[in-house]
Amino acid sequence: MQYHSFLTRRYLRRRWAPWTAAIAVALGVFSLISVLAVMEGFKLEMRERIRGSLSHLVVKGGALQGLVGEDQILETIRSQPGVLAASPFVETLAIYKVTRLDHCLVRGIEPVQESEVTDLGLYLLDNKEIDELLADPYKLLPDDRLPSSAEEIDNTFSLERRRLILRWKGKGEGFDEESPPQALVVGIEALRSGRLAMGDVVQLSSYSPVTFEPCTGKFIVVGAFQSGVYEQDQRWAYADIRALQEMLDLWDEEAQDMRISGVSVRLEDYSLAAVAKQQIEAEISRRMELSTIDETAIPWRPSEVLTWENQRENLLQAVEIEKRIIAVMMLLIVAFAAAMIFLILMLLVIEKNRDLGVLRALGASRNGVVLLVLRQGMLLCITGTILGLLGGWLLVENINYVHDTIRDLTGLQLFPPDIYYLERIPALLRWEDVALVCVPTLVFGFLGSFFPAQWAGRRDPIKALHHE
Amino acid sequence: MNDPIPSLPVLIARNLQRDFTLAGDKTLEVLRGIDLEIYESEMVAVRGLSGVGKSTLLHCIGLLDTPTCGELIYRDGESTWQSPGISEQNRCDLRNRFIGFVFQFFHLLNDLDVLENVMLPSIVSCTSSQWRKKRSKVETRARELLQRVDLEGRARQAPGTLSGGERQRVAIARALINNPRLLLCDEPTGNLDTRNSESIHTLLRELHEELGTSILVVTHDPDLANRADRLLSMIDGKFHD
């Protein structure tokens, strides 16, 4: 009815108190939108970086038994439709001591093949880049950096480079240029933290899963990488797969072959990963059941096929759950704003009790009075939501500019790159998140308005009109 | 004075009773079988001491309250409405178009200016699209009424800036905006000084004669009561001759 909008305008135009509730709603929505957008940005950035350092699929053996029949497994996988490349790897936890005792996850790889299944080529650093990244602890590789060529990757692990590094670093620990230690490429954070340095000869110690005996091997730090995932850049190291197999004594007597931990697989289209995973699983199982005299048979070992998301499921879920928890916690701000709407409308109903009685006497229905109060509450809520959305969107669009301005004015680094490992704050506003914010806000606003409106409708007009 | 026995009643009240339940299951009988007929263009005054049920009678007739028992019949031309049995929507429509209220304490809305207060009953009855079509017509009528009650220059003033007498004039203009068949006045001069009371009495009588609206006025004021076509005395919830 006309009087709803007419009186709503009149009541809200001349009072500032109700607008505090709209501001509270706006602040709540603004905070939620900003936080959810930044968390979504973080999540996507993290997923992208993890995805780059892992292959689309991994065929893994058991932790102790691994897989044997590397050639047959690779041939099996590569023959599947949709498979672009496959590369074997060996993986082990190791401890080492240079300046102090530390641990790392060593991945033995075929460097060039590995670069075909992961983004190793994109984040393997050359000497100049290593120097630059060590000089500036916040520096990251540019997004448009060209990947290293197969030759450059191969060269990083080559005998010539090991000799060169050893010569540059100076002989020691019984090595000479003719027989340098095996190559080890470490994460840039291991160098930045000072635990390791280029040219360090490192003795890695681990346990052989075959003999269960301790085993050691000498490696020389010949290069570094920056995957963009802080944990990996601190703890991961790449070595040549054959050198690591030898160190871990992975010769399997039964199969008369070297064991591998698994095979990394790159697909033409990751969206078809589920289908490819099933096909590979089925074909490997089939070949493992063939007679050993069959040339295509793969010696039986327990195995599983995982997508990269399966491998980091816990981490990805943790981030998603964290986002949801923060959203729920921040919805409390909106609930508080709705409580403000409730209180302000209750006060308005008390203040305007006589007016509501007059309206009833002039022909307004009980429901009309309910709608009048409800309309005011929803107007405040919707106005607050729109303002909050606009503010949130503006902040998300200019978040790095705002951050830089605050830093320039106050010297305060709100978003230290060495902690978050990101040069810029990633933020992405999704429609789903906008709905996740707006729908509960409007529901809270409705609830906050509904009860005062019902109360107003139940007021006795005679009592309201009886006294001045 | 108008003809004291006009042709047809606009309101018939039969055996109207209104009881209130008090603490301890006691019942207070405020109206005890009221019979009343108000004819077209008739002005009826009800006098009585405080607490005899005058306002309760007005609230029941004005459809703000529901009688415990009894019957109310409203007539507008060929149409009649009989209570009990009137739907909530019809009650609202009758309060809006058939009945006009004038209260002792004026009850103007302070957030609206004088003109908007006068237009309020029309605003209440319209949807937004209806209002867009009717607005200029209603505004013209509201200005005419303000002119009639000698407040033509006060249309855009806030009610709070007016004197008591002026506010009651605005309230009377508001009550007449929808051309009601029945004007219910609850102590319209009860809150005014003698000079303003006299002026309101004269205005009510003049409007009654000009517009032909039936008026039921509840008052303590003998001057106003004596200007009515018919005077009823109320004692203990009943009319007495």
# chains A, B, ... in the order shown; residues from 1 in each chain; ligands from 1

call {"tool": "interface_residues", "arguments": {"of": "chain A", "to": "chain B", "cutoff": "12 Å", "atoms": "only C-alpha atoms", "output": "number ranges by chain"}}
result
A: 1-15, 351-369, 372, 459-468

call {"tool": "residues_around", "arguments": {"residues": "stretch 23-27 of chain A", "least_positions_apart": "4", "cutoff": "6 Å", "atoms": "only C-alpha atoms", "output": "number ranges by chain"}}
result
A: 334, 337, 384-385, 387-388

call {"tool": "write_last_selection", "arguments": {"atoms": "C-alpha atoms", "output": "CSV table (one decimal), in the first residue's frame"}}
result
chain,number,residue,atom,x,y,z
A,334,VAL,CA,25.5,-9.7,10.7
A,337,ALA,CA,23.4,-6.0,13.2
A,384,GLY,CA,23.1,-2.0,4.6
A,385,THR,CA,23.6,-5.1,2.5
A,387,LEU,CA,26.3,-0.6,0.9
A,388,GLY,CA,28.4,-3.5,2.4

call {"tool": "residues_around", "arguments": {"residues": "A:Lys97", "least_positions_apart": "5", "cutoff": "12 Å", "atoms": "only C-alpha atoms", "output": "PDB file with all heavy atoms, in the first residue's frame"}}
result
ATOM      1  N   ASP A 102      68.904 -31.461  10.064  1.00  0.00           N
ATOM      2  CA  ASP A 102      67.586 -31.063   9.555  1.00  0.00           C
ATOM      3  C   ASP A 102      67.013 -32.219   8.744  1.00  0.00           C
ATOM      4  O   ASP A 102      67.683 -33.219   8.520  1.00  0.00           O
ATOM      5  CB  ASP A 102      67.718 -29.797   8.697  1.00  0.00           C
ATOM      6  CG  ASP A 102      66.484 -28.915   8.853  1.00  0.00           C
ATOM      7  OD1 ASP A 102      65.405 -29.471   9.077  1.00  0.00           O
ATOM      8  OD2 ASP A 102      66.626 -27.688   8.731  1.00  0.00           O
ATOM      9  N   HIS A 103      65.796 -32.055   8.284  1.00  0.00           N
ATOM     10  CA  HIS A 103      65.193 -33.127   7.487  1.00  0.00           C
ATOM     11  C   HIS A 103      64.600 -32.558   6.213  1.00  0.00           C
ATOM     12  O   HIS A 103      64.323 -31.367   6.121  1.00  0.00           O
ATOM     13  CB  HIS A 103      64.118 -33.870   8.289  1.00  0.00           C
ATOM     14  CG  HIS A 103      62.894 -33.043   8.523  1.00  0.00           C
ATOM     15  ND1 HIS A 103      62.807 -32.138   9.560  1.00  0.00           N
ATOM     16  CD2 HIS A 103      61.729 -32.969   7.847  1.00  0.00           C
ATOM     17  CE1 HIS A 103      61.631 -31.555   9.508  1.00  0.00           C
ATOM     18  NE2 HIS A 103      60.956 -32.033   8.488  1.00  0.00           N
ATOM     19  N   CYS A 104      64.395 -33.463   5.257  1.00  0.00           N
ATOM     20  CA  CYS A 104      63.760 -33.030   4.009  1.00  0.00           C
ATOM     21  C   CYS A 104      63.085 -34.218   3.341  1.00  0.00           C
ATOM     22  O   CYS A 104      63.286 -35.366   3.735  1.00  0.00           O
ATOM     23  CB  CYS A 104      64.799 -32.404   3.067  1.00  0.00           C
ATOM     24  SG  CYS A 104      66.070 -33.547   2.555  1.00  0.00           S
ATOM     25  N   ARG A 195      70.183 -22.714   5.989  1.00  0.00           N
ATOM     26  CA  ARG A 195      70.467 -24.105   6.368  1.00  0.00           C
ATOM     27  C   ARG A 195      71.365 -24.775   5.346  1.00  0.00           C
ATOM     28  O   ARG A 195      72.144 -25.660   5.662  1.00  0.00           O
ATOM     29  CB  ARG A 195      69.153 -24.883   6.494  1.00  0.00           C
ATOM     30  CG  ARG A 195      68.255 -24.434   7.624  1.00  0.00           C
ATOM     31  CD  ARG A 195      67.265 -25.525   8.006  1.00  0.00           C
ATOM     32  NE  ARG A 195      66.582 -26.074   6.844  1.00  0.00           N
ATOM     33  CZ  ARG A 195      65.444 -25.577   6.348  1.00  0.00           C
ATOM     34  NH1 ARG A 195      64.881 -24.535   6.914  1.00  0.00           N
ATOM     35  NH2 ARG A 195      64.877 -26.131   5.315  1.00  0.00           N
ATOM     36  N   LEU A 196      71.192 -24.380   4.089  1.00  0.00           N
ATOM     37  CA  LEU A 196      72.008 -24.938   3.008  1.00  0.00           C
ATOM     38  C   LEU A 196      72.514 -23.784   2.153  1.00  0.00           C
ATOM     39  O   LEU A 196      71.939 -22.694   2.177  1.00  0.00           O
ATOM     40  CB  LEU A 196      71.172 -25.874   2.130  1.00  0.00           C
ATOM     41  CG  LEU A 196      70.740 -27.202   2.740  1.00  0.00           C
ATOM     42  CD1 LEU A 196      69.730 -27.887   1.836  1.00  0.00           C
ATOM     43  CD2 LEU A 196      71.942 -28.112   2.967  1.00  0.00           C
ATOM     44  N   ASP A 200      77.074 -26.816  -1.237  1.00  0.00           N
ATOM     45  CA  ASP A 200      77.240 -27.624  -0.019  1.00  0.00           C
ATOM     46  C   ASP A 200      77.197 -29.105  -0.371  1.00  0.00           C
ATOM     47  O   ASP A 200      76.353 -29.543  -1.156  1.00  0.00           O
ATOM     48  CB  ASP A 200      76.095 -27.341   0.968  1.00  0.00           C
ATOM     49  CG  ASP A 200      76.361 -26.125   1.836  1.00  0.00           C
ATOM     50  OD1 ASP A 200      77.514 -25.637   1.805  1.00  0.00           O
ATOM     51  OD2 ASP A 200      75.429 -25.674   2.527  1.00  0.00           O
ATOM     52  N   VAL A 201      78.101 -29.848   0.208  1.00  0.00           N
ATOM     53  CA  VAL A 201      78.031 -31.308   0.069  1.00  0.00           C
ATOM     54  C   VAL A 201      77.280 -31.837   1.277  1.00  0.00           C
ATOM     55  O   VAL A 201      77.648 -31.589   2.420  1.00  0.00           O
ATOM     56  CB  VAL A 201      79.447 -31.922  -0.029  1.00  0.00           C
ATOM     57  CG1 VAL A 201      79.358 -33.440  -0.023  1.00  0.00           C
ATOM     58  CG2 VAL A 201      80.147 -31.438  -1.296  1.00  0.00           C
ATOM     59  N   VAL A 202      76.182 -32.532   0.971  1.00  0.00           N
ATOM     60  CA  VAL A 202      75.252 -32.926   2.035  1.00  0.00           C
ATOM     61  C   VAL A 202      75.243 -34.440   2.142  1.00  0.00           C
ATOM     62  O   VAL A 202      75.152 -35.131   1.133  1.00  0.00           O
ATOM     63  CB  VAL A 202      73.821 -32.461   1.666  1.00  0.00           C
ATOM     64  CG1 VAL A 202      72.858 -32.776   2.780  1.00  0.00           C
ATOM     65  CG2 VAL A 202      73.795 -30.995   1.317  1.00  0.00           C
ATOM     66  N   GLN A 203      75.314 -34.925   3.362  1.00  0.00           N
ATOM     67  CA  GLN A 203      75.159 -36.377   3.547  1.00  0.00           C
ATOM     68  C   GLN A 203      73.724 -36.638   3.963  1.00  0.00           C
ATOM     69  O   GLN A 203      73.295 -36.248   5.049  1.00  0.00           O
ATOM     70  CB  GLN A 203      76.109 -36.900   4.610  1.00  0.00           C
ATOM     71  CG  GLN A 203      75.887 -38.402   4.839  1.00  0.00           C
ATOM     72  CD  GLN A 203      77.020 -39.044   5.588  1.00  0.00           C
ATOM     73  OE1 GLN A 203      78.168 -38.991   5.164  1.00  0.00           O
ATOM     74  NE2 GLN A 203      76.698 -39.622   6.726  1.00  0.00           N
ATOM     75  N   LEU A 204      72.968 -37.269   3.048  1.00  0.00           N
ATOM     76  CA  LEU A 204      71.575 -37.604   3.356  1.00  0.00           C
ATOM     77  C   LEU A 204      71.542 -38.974   4.021  1.00  0.00           C
ATOM     78  O   LEU A 204      72.231 -39.896   3.592  1.00  0.00           O
ATOM     79  CB  LEU A 204      70.737 -37.652   2.076  1.00  0.00           C
ATOM     80  CG  LEU A 204      70.530 -36.330   1.332  1.00  0.00           C
ATOM     81  CD1 LEU A 204      69.701 -36.592   0.075  1.00  0.00           C
ATOM     82  CD2 LEU A 204      69.844 -35.305   2.202  1.00  0.00           C
ATOM     83  N   SER A 205      70.742 -39.099   5.060  1.00  0.00           N
ATOM     84  CA  SER A 205      70.606 -40.383   5.766  1.00  0.00           C
ATOM     85  C   SER A 205      69.140 -40.782   5.802  1.00  0.00           C
ATOM     86  O   SER A 205      68.276 -39.958   6.089  1.00  0.00           O
ATOM     87  CB  SER A 205      71.123 -40.252   7.200  1.00  0.00           C
ATOM     88  OG  SER A 205      72.463 -39.844   7.182  1.00  0.00           O
ATOM     89  N   THR A 216      73.121 -44.102   3.565  1.00  0.00           N
ATOM     90  CA  THR A 216      73.513 -42.696   3.413  1.00  0.00           C
ATOM     91  C   THR A 216      74.023 -42.460   1.987  1.00  0.00           C
ATOM     92  O   THR A 216      74.388 -43.398   1.293  1.00  0.00           O
ATOM     93  CB  THR A 216      74.648 -42.305   4.393  1.00  0.00           C
ATOM     94  OG1 THR A 216      75.763 -43.149   4.138  1.00  0.00           O
ATOM     95  CG2 THR A 216      74.216 -42.426   5.833  1.00  0.00           C
ATOM     96  N   GLY A 217      74.035 -41.221   1.617  1.00  0.00           N
ATOM     97  CA  GLY A 217      74.571 -40.862   0.304  1.00  0.00           C
ATOM     98  C   GLY A 217      75.013 -39.410   0.321  1.00  0.00           C
ATOM     99  O   GLY A 217      74.414 -38.597   1.028  1.00  0.00           O
ATOM    100  N   LYS A 218      76.050 -39.134  -0.442  1.00  0.00           N
ATOM    101  CA  LYS A 218      76.557 -37.756  -0.492  1.00  0.00           C
ATOM    102  C   LYS A 218      75.972 -37.055  -1.721  1.00  0.00           C
ATOM    103  O   LYS A 218      75.957 -37.626  -2.817  1.00  0.00           O
ATOM    104  CB  LYS A 218      78.076 -37.767  -0.599  1.00  0.00           C
ATOM    105  CG  LYS A 218      78.755 -38.382   0.603  1.00  0.00           C
ATOM    106  CD  LYS A 218      79.139 -37.329   1.595  1.00  0.00           C
ATOM    107  CE  LYS A 218      79.970 -37.937   2.717  1.00  0.00           C
ATOM    108  NZ  LYS A 218      80.357 -36.969   3.706  1.00  0.00           N
ATOM    109  N   PHE A 219      75.489 -35.869  -1.520  1.00  0.00           N
ATOM    110  CA  PHE A 219      74.902 -35.069  -2.607  1.00  0.00           C
ATOM    111  C   PHE A 219      75.481 -33.667  -2.546  1.00  0.00           C
ATOM    112  O   PHE A 219      75.840 -33.181  -1.472  1.00  0.00           O
ATOM    113  CB  PHE A 219      73.365 -35.004  -2.462  1.00  0.00           C
ATOM    114  CG  PHE A 219      72.687 -36.334  -2.712  1.00  0.00           C
ATOM    115  CD1 PHE A 219      72.636 -37.309  -1.710  1.00  0.00           C
ATOM    116  CD2 PHE A 219      72.112 -36.606  -3.939  1.00  0.00           C
ATOM    117  CE1 PHE A 219      72.022 -38.529  -1.941  1.00  0.00           C
ATOM    118  CE2 PHE A 219      71.496 -37.831  -4.172  1.00  0.00           C
ATOM    119  CZ  PHE A 219      71.457 -38.800  -3.171  1.00  0.00           C
TER     120      PHE A 219
END

call {"tool": "select_by_dssp", "arguments": {"residues": "stretch 67-164 of chain B", "states": "strand (DSSP E)", "output": "number ranges by chain"}}
result
B: 69-76, 79-83, 99-102

call {"tool": "residues_around", "arguments": {"residues": "A:Pro181", "least_positions_apart": "5", "cutoff": "12 Å", "atoms": "only C-alpha atoms", "output": "JSON, numbers by chain"}}
result
{"A": [157, 158, 159, 160, 161, 162, 163, 164, 165, 166, 171, 172, 173, 174, 175, 176, 199, 200, 201, 202, 203, 204, 217, 218, 219, 220, 221, 222, 239, 240, 243, 244, 247]}

call {"tool": "select_by_dssp", "arguments": {"residues": "stretch 165-215 of chain B", "states": "helix (DSSP H, G or I)", "output": "MDAnalysis selection string"}}
result
chainID B and resid 165:176 194:211

call {"tool": "residues_around", "arguments": {"residues": "stretch 261-278 of chain A", "least_positions_apart": "2", "cutoff": "7 Å", "atoms": "only C-alpha atoms", "output": "list in words"}}
result
Ser55, His56, Leu57, Val58, Val59, Lys60, Gly61, Gly66, Leu67, Gly82, Val83, Leu84, Ala85, Ala86, Ser87, Pro88, Phe89, Val90, Glu91, Val117, Arg259, Ile280, Glu281, Ala282 and Val305 of chain A

call {"tool": "atom_distance", "arguments": {"atom1": "atom CA of A:Pro440", "atom2": "atom CA of A:Ile382"}}
result
11.9 Å
